[in-house]
Amino acid sequence: MVWVFLLRYVPDRISIMAPVYVPNRTDLLRLFLPAAALALGFLLVFGLMGGWVLAGRMLAPLTRIADAARLAASGSLSHRIRLPGSEDEFRELADVFDTMLEQLESHVGRQQRFAANASHELRTPLAISRALLDVARDDPRRDRTELIERLSSVNTRAIDLTEALLLLSRSERGSFNPEPVDLSLLVEEAAETLLPLAEKRRIAFEVTGGKAWAAGSAALLLRMVTNLVQNAIVHNLPSKGTVTVHTEARRDASVLRIENTGQRLPPELLPTLTEPFQRGTHRARLDDHAGVGLGLAIVHSIVQAHDGTLDLTPRPAGGLLVTIRLPGTARASSPAQRPVGAADQLRRLEISRAPGSWRGTRCAGRGPA
């Protein structure tokens, strides 16, 4: 660069008739080249060493992330990177990786607890069946009718548990083709199915609101509504309780609210209700409807599969308020996808307890409740 911009303009021969020494181009090159070579050598060594140190400092976060990834690949998910320093791209990458590890650890922990609890729950009816068969074998004179009834009850419980596990697995996979579904029709169907249970417990049942269209699986959403309504009836007051179900369509969501009376629930109990096999020991229920502990777990899984939200709020007077918000969808235009006629009107199902009897009324005219 010095030659291009400076030395080439210096003449090689200078003839000045004076006693002053004036260096020419050759003199300047002889003086400049050794110093330039020494400076270039120093810059080369300094640049290599400085670049090596700087690259090591810059790539140190990637080394920590790589070490964390190797530990995660070996099965350890409890460690975290927690990268210090400024908010740069490496810090953002490390934070995202820590969040992923935390979610993976939580998911694996839930799966391990679920597998252990499922094994225990499935082992219980099998152990009872084996005990009953051993008793019948050791005592041939024992009443076989009673044995058959008890074996049938235990087998029914095992089948219900297996079907619940299969439904939970299906809802977690989200393997369904979404279609427009009216939540109010599902509520009406669930209310009609569970009316005998409400009559048995003398529960005042009321369904209000209008149409609420959501995109999803009609079978899974019906199971979600049925589980919620059944829980609202079972986990209620011993008698003279109430259950209120409300559906409404908002601008960007379809809302389902189920509210029931019952005992007061401690706030710390609510996060455990959606865990598999957590039946909520503080909640009152009938002995013959103890369930398998998967009701709200299935509901939570179905809501997540439909990109919705599930909120559980204890009522101050006792009981629980369950609010589900699902992404709304346009009303189905195909006749096969939506009800016609009187069912298109705003419906209100009201099952109220009259003195000494029960009666069901419906404004839409779809038959007796």
# chains A, B, ... in the order shown; residues from 1 in each chain; ligands from 1

call {"tool": "residues_around", "arguments": {"residues": "A:Ala249", "least_positions_apart": "3", "cutoff": "7 Å", "atoms": "only C-alpha atoms", "output": "ChimeraX atom specification"}}
result
/A:211-212,253-255

call {"tool": "write_last_selection", "arguments": {"atoms": "N, CA, C and O atoms", "output": "CSV table (one decimal), in the first residue's frame"}}
result
chain,number,residue,atom,x,y,z
A,211,LYS,N,-75.9,-21.5,20.9
A,211,LYS,CA,-75.0,-22.4,20.1
A,211,LYS,C,-73.6,-21.9,20.3
A,211,LYS,O,-73.3,-20.7,20.4
A,212,ALA,N,-72.6,-22.8,20.3
A,212,ALA,CA,-71.2,-22.5,20.4
A,212,ALA,C,-70.5,-23.5,19.5
A,212,ALA,O,-70.3,-24.6,19.9
A,253,ALA,N,-63.8,-17.4,20.3
A,253,ALA,CA,-63.8,-18.6,21.1
A,253,ALA,C,-65.2,-19.1,21.4
A,253,ALA,O,-66.2,-18.3,21.4
A,254,SER,N,-65.3,-20.4,21.6
A,254,SER,CA,-66.6,-21.0,22.1
A,254,SER,C,-66.3,-21.3,23.6
A,254,SER,O,-65.3,-22.0,23.9
A,255,VAL,N,-67.2,-20.9,24.5
A,255,VAL,CA,-67.0,-21.1,25.9
A,255,VAL,C,-68.1,-22.1,26.5
A,255,VAL,O,-69.2,-22.0,26.1

call {"tool": "residues_around", "arguments": {"residues": "A:Gly85", "least_positions_apart": "2", "cutoff": "12 Å", "atoms": "only C-alpha atoms", "output": "JSON list (two decimals) with N, CA, C and O atoms, in the first residue's frame"}}
result
[["chain", "number", "residue", "atom", "x", "y", "z"],
["A", 57, "ARG", "N", -13.52, -17.42, 23.41],
["A", 57, "ARG", "CA", -14.49, -16.75, 24.28],
["A", 57, "ARG", "C", -15.86, -16.69, 23.63],
["A", 57, "ARG", "O", -16.89, -16.84, 24.30],
["A", 58, "MET", "N", -15.90, -16.47, 22.33],
["A", 58, "MET", "CA", -17.18, -16.38, 21.65],
["A", 58, "MET", "C", -17.87, -17.73, 21.53],
["A", 58, "MET", "O", -19.10, -17.82, 21.60],
["A", 60, "ALA", "N", -17.41, -20.32, 23.59],
["A", 60, "ALA", "CA", -17.59, -21.01, 24.87],
["A", 60, "ALA", "C", -19.05, -21.31, 25.18],
["A", 60, "ALA", "O", -19.38, -22.41, 25.66],
["A", 61, "PRO", "N", -20.01, -20.38, 24.92],
["A", 61, "PRO", "CA", -21.42, -20.73, 25.14],
["A", 61, "PRO", "C", -21.88, -21.91, 24.30],
["A", 61, "PRO", "O", -22.66, -22.75, 24.77],
["A", 82, "ARG", "N", -28.15, -22.16, 32.13],
["A", 82, "ARG", "CA", -28.16, -20.89, 32.89],
["A", 82, "ARG", "C", -26.96, -20.02, 32.49],
["A", 82, "ARG", "O", -26.11, -19.66, 33.31],
["A", 83, "LEU", "N", -26.90, -19.67, 31.24],
["A", 83, "LEU", "CA", -25.77, -18.92, 30.68],
["A", 83, "LEU", "C", -25.80, -17.48, 31.19],
["A", 83, "LEU", "O", -26.80, -16.77, 31.02],
["A", 87, "GLU", "N", -27.77, -10.06, 27.02],
["A", 87, "GLU", "CA", -28.86, -10.67, 26.25],
["A", 87, "GLU", "C", -28.50, -10.68, 24.77],
["A", 87, "GLU", "O", -28.97, -9.87, 23.97],
["A", 88, "ASP", "N", -27.66, -11.65, 24.38],
["A", 88, "ASP", "CA", -27.31, -11.77, 22.97],
["A", 88, "ASP", "C", -27.91, -13.04, 22.41],
["A", 88, "ASP", "O", -28.74, -13.72, 23.03],
["A", 89, "GLU", "N", -27.49, -13.41, 21.18],
["A", 89, "GLU", "CA", -28.06, -14.58, 20.53],
["A", 89, "GLU", "C", -27.72, -15.87, 21.27],
["A", 89, "GLU", "O", -28.56, -16.78, 21.36],
["A", 90, "PHE", "N", -26.50, -15.98, 21.81],
["A", 90, "PHE", "CA", -26.13, -17.19, 22.54],
["A", 90, "PHE", "C", -26.94, -17.33, 23.83],
["A", 90, "PHE", "O", -27.37, -18.43, 24.20],
["A", 91, "ARG", "N", -27.18, -16.22, 24.52],
["A", 91, "ARG", "CA", -27.98, -16.26, 25.74],
["A", 91, "ARG", "C", -29.42, -16.67, 25.41],
["A", 91, "ARG", "O", -30.03, -17.47, 26.13],
["A", 92, "GLU", "N", -29.95, -16.15, 24.33],
["A", 92, "GLU", "CA", -31.31, -16.54, 23.93],
["A", 92, "GLU", "C", -31.39, -18.02, 23.58],
["A", 92, "GLU", "O", -32.34, -18.72, 23.96],
["A", 94, "ALA", "N", -29.43, -20.40, 24.74],
["A", 94, "ALA", "CA", -29.30, -21.17, 25.98],
["A", 94, "ALA", "C", -30.60, -21.16, 26.77],
["A", 94, "ALA", "O", -31.00, -22.18, 27.34],
["A", 95, "ASP", "N", -31.28, -20.01, 26.82],
["A", 95, "ASP", "CA", -32.55, -19.95, 27.55],
["A", 95, "ASP", "C", -33.61, -20.82, 26.90],
["A", 95, "ASP", "O", -34.39, -21.50, 27.59]]

call {"tool": "closest_residue", "arguments": {"among": "A:Phe176, A:Phe46, A:Phe32, A:Tyr9", "to": "A:Leu221", "atoms": "only C-alpha atoms"}}
result
A:Phe176

call {"tool": "select_by_dssp", "arguments": {"residues": "stretch 139-257 of chain A", "states": "alpha helix (DSSP H)", "output": "PyMOL selection string"}}
result
chain A and resi 144-173+183-193+195-201+218-234

call {"tool": "residues_around", "arguments": {"residues": "A:Val303", "least_positions_apart": "2", "cutoff": "9 Å", "atoms": "only C-alpha atoms", "output": "list in words"}}
result
Ser171, Leu221, Met224, Ile298, Val299, His300, Ser301, Ala305, His306, Asp307, Gly308, Thr309, Leu310, Ile324, Arg325 and Leu326 of chain A

call {"tool": "closest_residue", "arguments": {"among": "A:Thr313, A:Ser74, A:Ser106, A:Thr99", "to": "A:Leu273", "atoms": "only C-alpha atoms"}}
result
A:Thr313

call {"tool": "select_by_dssp", "arguments": {"residues": "stretch 28-233 of chain A", "states": "strand (DSSP E or B)", "output": "VMD selection string"}}
result
chain A and resid 179 to 182 203 to 209 213 to 216

call {"tool": "atom_distance", "arguments": {"atom1": "atom CA of A:Val22", "atom2": "atom CA of A:Val2"}}
result
19.0 Å

call {"tool": "closest_residue", "arguments": {"among": "A:Arg251, A:Arg142, A:His246, A:Arg123", "to": "A:Leu321", "atoms": "only C-alpha atoms"}}
result
A:His246

call {"tool": "residues_around", "arguments": {"residues": "A:Ala127", "least_positions_apart": "6", "cutoff": "12 Å", "atoms": "only C-alpha atoms", "output": "number ranges by chain"}}
result
A: 119-121, 133-134, 151, 154-155, 158

call {"tool": "residues_around", "arguments": {"residues": "A:Arg257", "least_positions_apart": "6", "cutoff": "6 Å", "atoms": "only C-alpha atoms", "output": "tab-separated table (two decimals) with N, CA, C and O atoms, in the first residue's frame"}}
result
chain	number	residue	atom	x	y	z
A	245	VAL	N	-74.95	-25.58	33.56
A	245	VAL	CA	-74.09	-25.66	32.37
A	245	VAL	C	-74.49	-24.53	31.43
A	245	VAL	O	-75.68	-24.33	31.16
A	246	HIS	N	-73.50	-23.80	30.94
A	246	HIS	CA	-73.76	-22.66	30.07
A	246	HIS	C	-72.82	-22.70	28.88
A	246	HIS	O	-71.62	-22.96	29.02
A	322	VAL	N	-65.88	-24.79	36.29
A	322	VAL	CA	-65.00	-25.23	35.22
A	322	VAL	C	-65.32	-24.42	33.97
A	322	VAL	O	-66.47	-24.38	33.54
A	323	THR	N	-64.30	-23.77	33.42
A	323	THR	CA	-64.47	-22.95	32.22
A	323	THR	C	-63.54	-23.47	31.14
A	323	THR	O	-62.33	-23.57	31.34

call {"tool": "residues_around", "arguments": {"residues": "A:Val243", "least_positions_apart": "5", "cutoff": "9 Å", "atoms": "only C-alpha atoms", "output": "number ranges by chain"}}
result
A: 203-207, 229, 232-233, 236, 258-261

call {"tool": "closest_residue", "arguments": {"among": "A:Gln111, A:Thr242, A:Thr193, A:Thr26", "to": "A:Asn227", "atoms": "only C-alpha atoms"}}
result
A:Thr193

call {"tool": "atom_distance", "arguments": {"atom1": "atom CA of A:Ala218", "atom2": "atom CA of A:Leu256"}}
result
14.8 Å
